[in-house]
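Undergrad: Sharing a structure, written as structure tokens. Questions coming.
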Amino acid sequence: MDQAIRQAIEQGETSLGIELGSTRIKAVLINRRFETIASGSYEWENQLVDGYWTYSLEDILNGLPAAYQEMKQDIEQKYSIKLRTVGSIGFSAMMHGYMAFDREGELLVPFRTWRNANTGDAAKALTELFQFNIPERWSIAHLYQAILNQEDHVPRVDFITTLAGYIHWLLTGEKSLGIGDASGMFPIDEGAGNYHAGMVQQFDKLVANQSYPWKLAQILPQVRLAGERAGELTAAGAKLLDPAGDLLAGIPLCAPEGDAGTGMVATNSVRKRTGNISVGTSVFAMIVLEKDLTAVYPEIDMVTTPDGSPVGMVHANNCSSDINAWMGLFREFYEAMGQKANPDELFGVLFNKALEADPDGGGLLSYGYYSGENITGMSKGRPLFVRSPESRFNLANFMRVHLFTAFGALKIGMDILTKKEHVAIDSILAHGGLFKTPVVGQRMVAAALNVPVSVMDNAGEGGAWGMAILASYMLNRGQAENLDHFLASEVFKDVAGQQLQPEAADVKGFELFLERYTRGLAIEQAAVDHLVENGRA
């Protein structure tokens with residue numbers, strides 16, 4: 001087996017996916033059987049700088065080769081071979097956000113991530129103009145908010161893109177973007193497979209009195225579908241990715257995608273009536289729609305699969321950050337007691353306590369809002385834990401409520417799809433670190449959404465693996481009619497999964513919790529209004 005893998009590596013019969021996620025950059029190399037043969041990662045965190053959540057260019061440019069280098073070392077240690085080429089490459093990253101560059105390619109303002117919730121005025125105005133929901137996270141909302149704020153950099157804008165689009169441009173020289181990621185920049189016309197031309201004209205007319213030296217279509221990246229070739233790795237790009245100089249230029253790249261798109265691919269969820277839920281710093285559910293929605297909802301993003309099918313996306317800004325913070329506190333206590341904590345064991349023990357809890361979490365209440373939350377209208381983050389003297393305050397209920405609240409805002413948006421729009425969902429496939437502990441996270445999601453939830457045996461592979469699959473699809477497109485067929489007949493044909501049906505008691509318990517969660521939003525709003533942090537409200 002090792003000899004076959006060595007030969008595949010030597011001959012470039014591989015595909016590389018690199019995803020820049022919210023807490024780590026991960027590189028995954030797969031073979032022609034779509035198996036992970038090496039991986040590497042780089043841990044990082046966003047920073048709140050001058051009121052904006054951001055990652056520095058230095059961290060981006062250091063983290064990318066660091067993740068690649070760890071993967072490269074993994075190959076050398078396992079197979080005693082130096083990596084010099086791969087068959088194809090794809091980059092993905094957090095969707096949405098704002099990276100604006102001038103004509104010389106200089107970043108005009110620090111990268112503004114999806115996590116920022118300070119584009120409310122722009123998002124509302126554009127939603128009314130287009131009669132199409134424009135979330136606060138979308139690139140066009142960031143651009144228009146900068147216009148409303150009369151920021152000095154706007155007249156100098158020559159190109160705007162997402163983080164994935166920036167990395168792709170840096171390594172290939174091509175200003176292109178996969179349609180899924182592009183649909184988080186500006187509305188897509190499904191029939192045209194491109195930005196909605198009528199809305200582009202509406203935007204240009206809206207800002208015409210500013211006399212900017214650009215039109216919107218001139219500064220957006222070119223839209224590409226899954227399977228299309230989107231340039232080659234340049235010599236400079238190869239050197240940036242592998243400073244040691246071993247990696248050869250000329251490797252073909254597929255279109256860069258967002259983490260929502262790679263999540264759909266990684267869970268085989270690009271068919272209609274299927275969906276997936278991705279759990280991390282944020283949480284989002286993607287449901288592939290059979291028909292258009294009847295109304296515009298601020299809680300529902302209309303985006304696309306990587307091959308252009310319409311998707312209803314519910315995205316909540318907050319999910320696991322507060323859980324991770326509490327885990328850090330428990331770990332600190334455990335180590336203060338003279339014990340050595342294994343993180344996986346710690347998570348496993350505490351998560352499993354949630355299965356012993358009262359169905360509704362014993363009357364406890366938590367909001368894990370590290371940042372503003374668009375679905376519930378919170379402009380800032382104030383993590384909060386609340387209980388009454390009558391609450392049943394024990395470890396089991398504490399853990400269940402923190403897992404429940406991770407899906408509280410998501411549930412509000414999902415109820416619009418299922419209860420108002422009557423969207424049919426056959427099943428949800430879940431992925432993310434929370435599901436490393438068997439059953440627990442899966443059961444909590446099933447309770448929240450009241451649908452069967454599956455976790456595949458390869459659920460831990462994540463978005464970087466999904467991006468590697470898209471890179472492989474570009475090479476194999478001739479053997480598959482479409483992405484759906486390729487995933488079903490090639491990638492997932494032998495992949496097993498475990499489906500969990502929602503339990504009636506859990507579903508009822510989550511509904512009781514959600515009533516408490518909804519009523520308690522006034523408490524969270526009071527914390528936003530009155531809890532001062534670092535001398536500022």
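By order of appearance in the structure tokens: chains A, B, ..., then residues from 1 within every chain, and ligands from 1 in the order shown.
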Can you build me a table of region 107-170 of chain A residues sitting at most 8 Å from region 213-236 of chain A, with the closest atom pair per residue and its distance in Å to one decimal, using only C-alpha atoms, sorted by chain and residue number, as CSV?
TA:
residue,atom,partner,partner_atom,distance
A:Pro155,CA,A:Pro213,CA,6.7
A:Val157,CA,A:Ile219,CA,7.5
A:Asp158,CA,A:Ile219,CA,5.6
A:Phe159,CA,A:Ile219,CA,4.3
A:Ile160,CA,A:Leu220,CA,5.8
A:Thr161,CA,A:Pro221,CA,6.4
A:Gly165,CA,A:Pro221,CA,7.7
Undergrad: Deliver the residues from the most recent selection as a file, using C-alpha atoms, as a short mmCIF file (atom, residue, chain, number, x, y, z; two decimals), in the first residue's frame.
TA:
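Wrote part.cif, looks like this:
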data_model
loop_
_atom_site.label_atom_id
_atom_site.label_comp_id
_atom_site.auth_asym_id
_atom_site.auth_seq_id
_atom_site.Cartn_x
_atom_site.Cartn_y
_atom_site.Cartn_z
CA PRO A 155 -12.28 55.54 -4.84
CA VAL A 157 -10.67 50.14 -5.17
CA ASP A 158 -9.54 48.11 -8.18
CA PHE A 159 -10.58 44.61 -7.03
CA ILE A 160 -12.63 43.11 -4.22
CA THR A 161 -12.74 39.43 -3.32
CA GLY A 165 -10.31 34.46 -3.97
#
Undergrad: Which residues come within 8 Å of Ser22 (chain A), counting only C-alpha atoms, excluding same-chain residues fewer than 6 positions away, as number ranges by chain?
TA: A: 44-46, 94, 280-281
Undergrad: Once you have the residues from the selection above, write them out as a PDB file, in the first residue's frame, restricted to C-alpha atoms.
TA:
ATOM      1  CA  TRP A  44      -4.891  30.831  14.207  1.00  0.00           C
ATOM      2  CA  GLU A  45      -7.498  33.172  15.665  1.00  0.00           C
ATOM      3  CA  ASN A  46      -9.225  36.308  14.487  1.00  0.00           C
ATOM      4  CA  MET A  94     -14.406  31.403   5.135  1.00  0.00           C
ATOM      5  CA  GLY A 280     -17.378  25.505  14.083  1.00  0.00           C
ATOM      6  CA  THR A 281     -16.838  29.056  15.292  1.00  0.00           C
TER       7      THR A 281
END
Undergrad: For the helix (DSSP H, G or I) assignment from backbone DSSP, which residues of region 19-159 of chain A qualify? Please present them as a count of residues only.
TA: 47
Undergrad: So which residues touch region 318-327 of chain A within 8 Å, counting only C-alpha atoms, skipping near sequence neighbours fewer than 5 positions away, as a list of chain:residue names?
TA: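 Answer for this query is A:Val279, A:Gly280, A:Thr281, A:Ser282, A:Val283, A:Leu346, A:Phe347, A:Gly368, A:Tyr369, A:Tyr370, A:Ser371, A:Glu373, A:Pro383, A:His402, A:Leu403, A:Thr405, A:Ala406, A:Phe407.
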Undergrad: How many Å separate CA of Asn482 (chain A) from CA of Thr262 (chain A)?
TA: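 That distance, rounded to one decimal, is 15.9 Å.
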Undergrad: To one decimal in Å, tell me the separation between CA of Tyr297 (chain A) and CA of Arg271 (chain A).
TA: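 Atom-to-atom, CA of Tyr297 (chain A) and CA of Arg271 (chain A) are spaced 22.9 Å apart.
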Undergrad: When distances are computed from only C-alpha atoms, which of A:Gly463, A:Pro438, A:Gly21, A:Gly237 shows the smallest separation from Gly497 (chain A)?
TA: A:Pro438
Undergrad: For region 375-378 of chain A, list every protein, DNA or RNA residue within 10 Å, evaluated using only C-alpha atoms, and leave out those in the same chain fewer than 4 positions away; present the list as a PyMOL selection string.
TA: chain A and resi 117+120+135+298-300+314-317+369+371+382+408-413+518+521+524-525+528-529
Undergrad: Just the selected residues (N, CA and C atoms), exported as a PDB file, in the first residue's frame, please.
TA:
ATOM      1  N   ALA A 117     -20.526  42.635  12.223  1.00  0.00           N
ATOM      2  CA  ALA A 117     -21.966  42.903  12.161  1.00  0.00           C
ATOM      3  C   ALA A 117     -22.231  44.411  12.166  1.00  0.00           C
ATOM      4  N   GLY A 120     -25.108  46.932   8.954  1.00  0.00           N
ATOM      5  CA  GLY A 120     -26.569  46.831   8.983  1.00  0.00           C
ATOM      6  C   GLY A 120     -27.282  47.807   8.071  1.00  0.00           C
ATOM      7  N   PRO A 135     -27.279  39.769   3.293  1.00  0.00           N
ATOM      8  CA  PRO A 135     -26.820  39.663   4.681  1.00  0.00           C
ATOM      9  C   PRO A 135     -25.697  40.644   4.988  1.00  0.00           C
ATOM     10  N   PRO A 298     -34.671  38.055   5.997  1.00  0.00           N
ATOM     11  CA  PRO A 298     -33.313  38.449   6.400  1.00  0.00           C
ATOM     12  C   PRO A 298     -32.535  37.316   7.056  1.00  0.00           C
ATOM     13  N   GLU A 299     -33.231  36.305   7.543  1.00  0.00           N
ATOM     14  CA  GLU A 299     -32.558  35.175   8.192  1.00  0.00           C
ATOM     15  C   GLU A 299     -32.048  34.133   7.204  1.00  0.00           C
ATOM     16  N   ILE A 300     -32.464  34.227   5.929  1.00  0.00           N
ATOM     17  CA  ILE A 300     -32.114  33.210   4.934  1.00  0.00           C
ATOM     18  C   ILE A 300     -31.258  33.822   3.836  1.00  0.00           C
ATOM     19  N   VAL A 314     -28.883  29.134   6.219  1.00  0.00           N
ATOM     20  CA  VAL A 314     -29.089  29.795   7.505  1.00  0.00           C
ATOM     21  C   VAL A 314     -27.740  29.831   8.201  1.00  0.00           C
ATOM     22  N   HIS A 315     -27.239  31.013   8.448  1.00  0.00           N
ATOM     23  CA  HIS A 315     -25.900  31.188   9.005  1.00  0.00           C
ATOM     24  C   HIS A 315     -25.989  31.981  10.299  1.00  0.00           C
ATOM     25  N   ALA A 316     -25.538  31.351  11.380  1.00  0.00           N
ATOM     26  CA  ALA A 316     -25.452  32.041  12.674  1.00  0.00           C
ATOM     27  C   ALA A 316     -23.985  32.313  12.976  1.00  0.00           C
ATOM     28  N   ASN A 317     -23.691  33.499  13.437  1.00  0.00           N
ATOM     29  CA  ASN A 317     -22.301  33.908  13.622  1.00  0.00           C
ATOM     30  C   ASN A 317     -21.597  33.177  14.758  1.00  0.00           C
ATOM     31  N   TYR A 369     -22.638  34.266  22.515  1.00  0.00           N
ATOM     32  CA  TYR A 369     -22.420  35.325  21.526  1.00  0.00           C
ATOM     33  C   TYR A 369     -21.067  35.994  21.747  1.00  0.00           C
ATOM     34  N   SER A 371     -19.561  37.316  19.172  1.00  0.00           N
ATOM     35  CA  SER A 371     -19.682  38.446  18.249  1.00  0.00           C
ATOM     36  C   SER A 371     -21.163  38.738  18.066  1.00  0.00           C
ATOM     37  N   ARG A 382     -21.798  39.287  23.601  1.00  0.00           N
ATOM     38  CA  ARG A 382     -21.729  39.271  25.055  1.00  0.00           C
ATOM     39  C   ARG A 382     -22.086  37.853  25.522  1.00  0.00           C
ATOM     40  N   GLY A 408     -29.285  27.580  18.783  1.00  0.00           N
ATOM     41  CA  GLY A 408     -30.489  28.379  19.036  1.00  0.00           C
ATOM     42  C   GLY A 408     -30.825  29.333  17.910  1.00  0.00           C
ATOM     43  N   ALA A 409     -29.862  30.160  17.516  1.00  0.00           N
ATOM     44  CA  ALA A 409     -30.111  31.123  16.436  1.00  0.00           C
ATOM     45  C   ALA A 409     -30.348  30.385  15.114  1.00  0.00           C
ATOM     46  N   LEU A 410     -29.617  29.321  14.890  1.00  0.00           N
ATOM     47  CA  LEU A 410     -29.808  28.533  13.672  1.00  0.00           C
ATOM     48  C   LEU A 410     -31.238  28.009  13.580  1.00  0.00           C
ATOM     49  N   LYS A 411     -31.765  27.522  14.701  1.00  0.00           N
ATOM     50  CA  LYS A 411     -33.119  26.962  14.723  1.00  0.00           C
ATOM     51  C   LYS A 411     -34.164  28.004  14.325  1.00  0.00           C
ATOM     52  N   ILE A 412     -33.973  29.247  14.752  1.00  0.00           N
ATOM     53  CA  ILE A 412     -34.919  30.310  14.397  1.00  0.00           C
ATOM     54  C   ILE A 412     -34.991  30.477  12.880  1.00  0.00           C
ATOM     55  N   GLY A 413     -33.827  30.450  12.222  1.00  0.00           N
ATOM     56  CA  GLY A 413     -33.812  30.561  10.764  1.00  0.00           C
ATOM     57  C   GLY A 413     -34.349  29.327  10.080  1.00  0.00           C
ATOM     58  N   THR A 518     -35.777  32.463  23.329  1.00  0.00           N
ATOM     59  CA  THR A 518     -36.409  33.589  22.621  1.00  0.00           C
ATOM     60  C   THR A 518     -36.833  34.681  23.599  1.00  0.00           C
ATOM     61  N   LEU A 521     -33.910  36.857  25.017  1.00  0.00           N
ATOM     62  CA  LEU A 521     -33.104  37.740  24.161  1.00  0.00           C
ATOM     63  C   LEU A 521     -33.044  39.163  24.702  1.00  0.00           C
ATOM     64  N   GLU A 524     -30.019  39.333  26.832  1.00  0.00           N
ATOM     65  CA  GLU A 524     -28.816  39.465  26.010  1.00  0.00           C
ATOM     66  C   GLU A 524     -28.680  40.876  25.460  1.00  0.00           C
ATOM     67  N   GLN A 525     -29.797  41.470  25.021  1.00  0.00           N
ATOM     68  CA  GLN A 525     -29.750  42.840  24.499  1.00  0.00           C
ATOM     69  C   GLN A 525     -29.316  43.810  25.583  1.00  0.00           C
ATOM     70  N   VAL A 528     -25.638  43.647  25.852  1.00  0.00           N
ATOM     71  CA  VAL A 528     -25.026  44.395  24.751  1.00  0.00           C
ATOM     72  C   VAL A 528     -25.063  45.896  25.046  1.00  0.00           C
ATOM     73  N   ASP A 529     -26.195  46.360  25.578  1.00  0.00           N
ATOM     74  CA  ASP A 529     -26.386  47.799  25.812  1.00  0.00           C
ATOM     75  C   ASP A 529     -25.585  48.322  26.995  1.00  0.00           C
TER      76      ASP A 529
END
Undergrad: May I have the residues within 8 Å of Pro310 (chain A) as a list of chain:residue names, using only C-alpha atoms and disregarding those fewer than 2 positions away in the same chain?
TA: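 Skipping anything fewer than 2 positions along the chain leaves A:Glu190, A:Val288, A:Leu289, A:Met302, A:Val303, A:Thr304, A:Thr305, A:Gly308, A:Gly312.
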